[in-house]
Amino acid sequence: MGGHRDEVFTSGEVARICGVSADTVSRWFDLGQLGGYRLGPGGDRRIPYDSLRQFMLSHGIPVDRLEEEQRRILVVDDDPYYLDVLPSALSKSGRLVVYTASTGFDAGAMVAEQNPHLIILDIHLSDMDGRMVSQRVRARPETRNTRIIAISGFLGEQDAAELKRFGFDDYLQKPFSLQTLVERVHALLGPDASRARSGG
């Protein structure tokens, strides 16, 4: 599949994709063999998709593993019902790893830790407005291209129309069908997310 993608990987993710230890990845990085950057002086290493792919090609590591890397989704809602049914529906629908958070604070921590590809975000959280969470996600270099779907049962048409201004890509009015949500998620993530790898 190739092509440019805006994903950024942690050392641990690179280790898993390449089938080596995290120490080996750190050594590649420190020797300048694997391009990337640190989050601040002495901070965590981050390796952009393009430089990882280039490294794998030049070292004979199958890029299939990189192309097949699962997409990470974060569901943020303070309603236990949605935290239960959404991950269940999504994890059945393709190569998706689903994380959950019930507050804006927890969502921030999870975003920093996982750099999700897509976030399903309730606008009305108990501790914070979802629009604020979205703006914070957009402000981070690692997640500025993360797709964000707003969900809410209490949004007027005017408010819904303004969501793009806060960095949202899509909006679903609660209650919505799980099938609709899954379709919107795959539409935003592209064909890679739902492509099932056939054995032969």
# chains A, B, ... in the order shown; residues from 1 in each chain; ligands from 1
>>> residues_around(residues="segment 28-37 of chain A", least_positions_apart="6", cutoff="10 Å", atoms="only C-alpha atoms", output="list in words")
Val8, Phe9, Thr10, Ser11, Ala22, Gly43, Asp44, Arg45, Arg46, Ile47, Pro48, Tyr49, Asp50, Ser51, Leu52, Arg53, Gln54, Phe55 and Met56 of chain A
>>> residues_around(residues="segment 169-182 of chain A", least_positions_apart="4", cutoff="6 Å", atoms="only C-alpha atoms", output="count of residues only")
6
>>> atom_distance(atom1="atom CA of Val133 of chain A", atom2="atom CA of Glu157 of chain A")
20.6 Å
>>> select_by_dssp(residues="segment 18-138 of chain A", states="helix (DSSP H, G or I)", output="PyMOL selection string")
chain A and resi 18+22-30+49-58+64-67+80-91+104-114+130-138
>>> select_by_dssp(residues="segment 4-181 of chain A", states="strand (DSSP E)", output="ChimeraX atom specification")
/A:8-10,37-38,45-48,71-76,96-101,118-122,147-152,170-173
>>> write_last_selection(atoms="C-alpha atoms", output="mmCIF file, in the first residue's frame")
data_model
loop_
_atom_site.group_PDB
_atom_site.id
_atom_site.type_symbol
_atom_site.label_atom_id
_atom_site.label_comp_id
_atom_site.auth_asym_id
_atom_site.auth_seq_id
_atom_site.Cartn_x
_atom_site.Cartn_y
_atom_site.Cartn_z
ATOM 1 C CA VAL A 8 4.132 8.425 14.283
ATOM 2 C CA PHE A 9 5.303 5.379 16.244
ATOM 3 C CA THR A 10 6.836 4.907 19.694
ATOM 4 C CA TYR A 37 12.789 12.917 16.990
ATOM 5 C CA ARG A 38 12.481 13.171 20.755
ATOM 6 C CA ARG A 45 11.551 8.764 20.871
ATOM 7 C CA ARG A 46 9.043 9.132 18.030
ATOM 8 C CA ILE A 47 9.540 7.593 14.592
ATOM 9 C CA PRO A 48 7.451 8.878 11.646
ATOM 10 C CA ARG A 71 -5.501 1.147 13.993
ATOM 11 C CA ARG A 72 -5.998 2.569 17.475
ATOM 12 C CA ILE A 73 -9.364 4.037 18.401
ATOM 13 C CA LEU A 74 -10.232 5.898 21.599
ATOM 14 C CA VAL A 75 -13.855 6.036 22.773
ATOM 15 C CA VAL A 76 -14.484 8.863 25.259
ATOM 16 C CA LEU A 96 -8.941 -1.984 15.279
ATOM 17 C CA VAL A 97 -7.646 -1.765 18.838
ATOM 18 C CA VAL A 98 -10.120 0.135 21.001
ATOM 19 C CA TYR A 99 -9.294 2.054 24.187
ATOM 20 C CA THR A 100 -11.784 3.857 26.421
ATOM 21 C CA ALA A 101 -11.852 6.862 28.741
ATOM 22 C CA LEU A 118 -9.389 8.056 15.558
ATOM 23 C CA ILE A 119 -11.324 9.333 18.586
ATOM 24 C CA ILE A 120 -15.067 8.967 19.198
ATOM 25 C CA LEU A 121 -15.731 11.800 21.601
ATOM 26 C CA ASP A 122 -18.832 12.679 23.577
ATOM 27 C CA ARG A 147 -9.753 11.770 13.018
ATOM 28 C CA ILE A 148 -12.367 12.845 15.573
ATOM 29 C CA ILE A 149 -16.063 11.952 15.563
ATOM 30 C CA ALA A 150 -18.302 13.948 17.922
ATOM 31 C CA ILE A 151 -21.267 12.192 19.523
ATOM 32 C CA SER A 152 -24.011 13.852 21.556
ATOM 33 C CA ASP A 170 -17.811 14.059 11.733
ATOM 34 C CA TYR A 171 -20.824 14.110 14.064
ATOM 35 C CA LEU A 172 -23.386 11.500 15.135
ATOM 36 C CA GLN A 173 -26.544 12.338 17.040
#
>>> atom_distance(atom1="atom CA of Leu188 of chain A", atom2="atom CA of Ile61 of chain A")
28.8 Å
>>> atom_distance(atom1="atom CA of Pro87 of chain A", atom2="atom CA of Phe166 of chain A")
24.3 Å
>>> residues_around(residues="Ala139 of chain A", least_positions_apart="6", cutoff="12 Å", atoms="only C-alpha atoms", output="ChimeraX atom specification")
/A:108,111-112,132-133,145-146,166-167
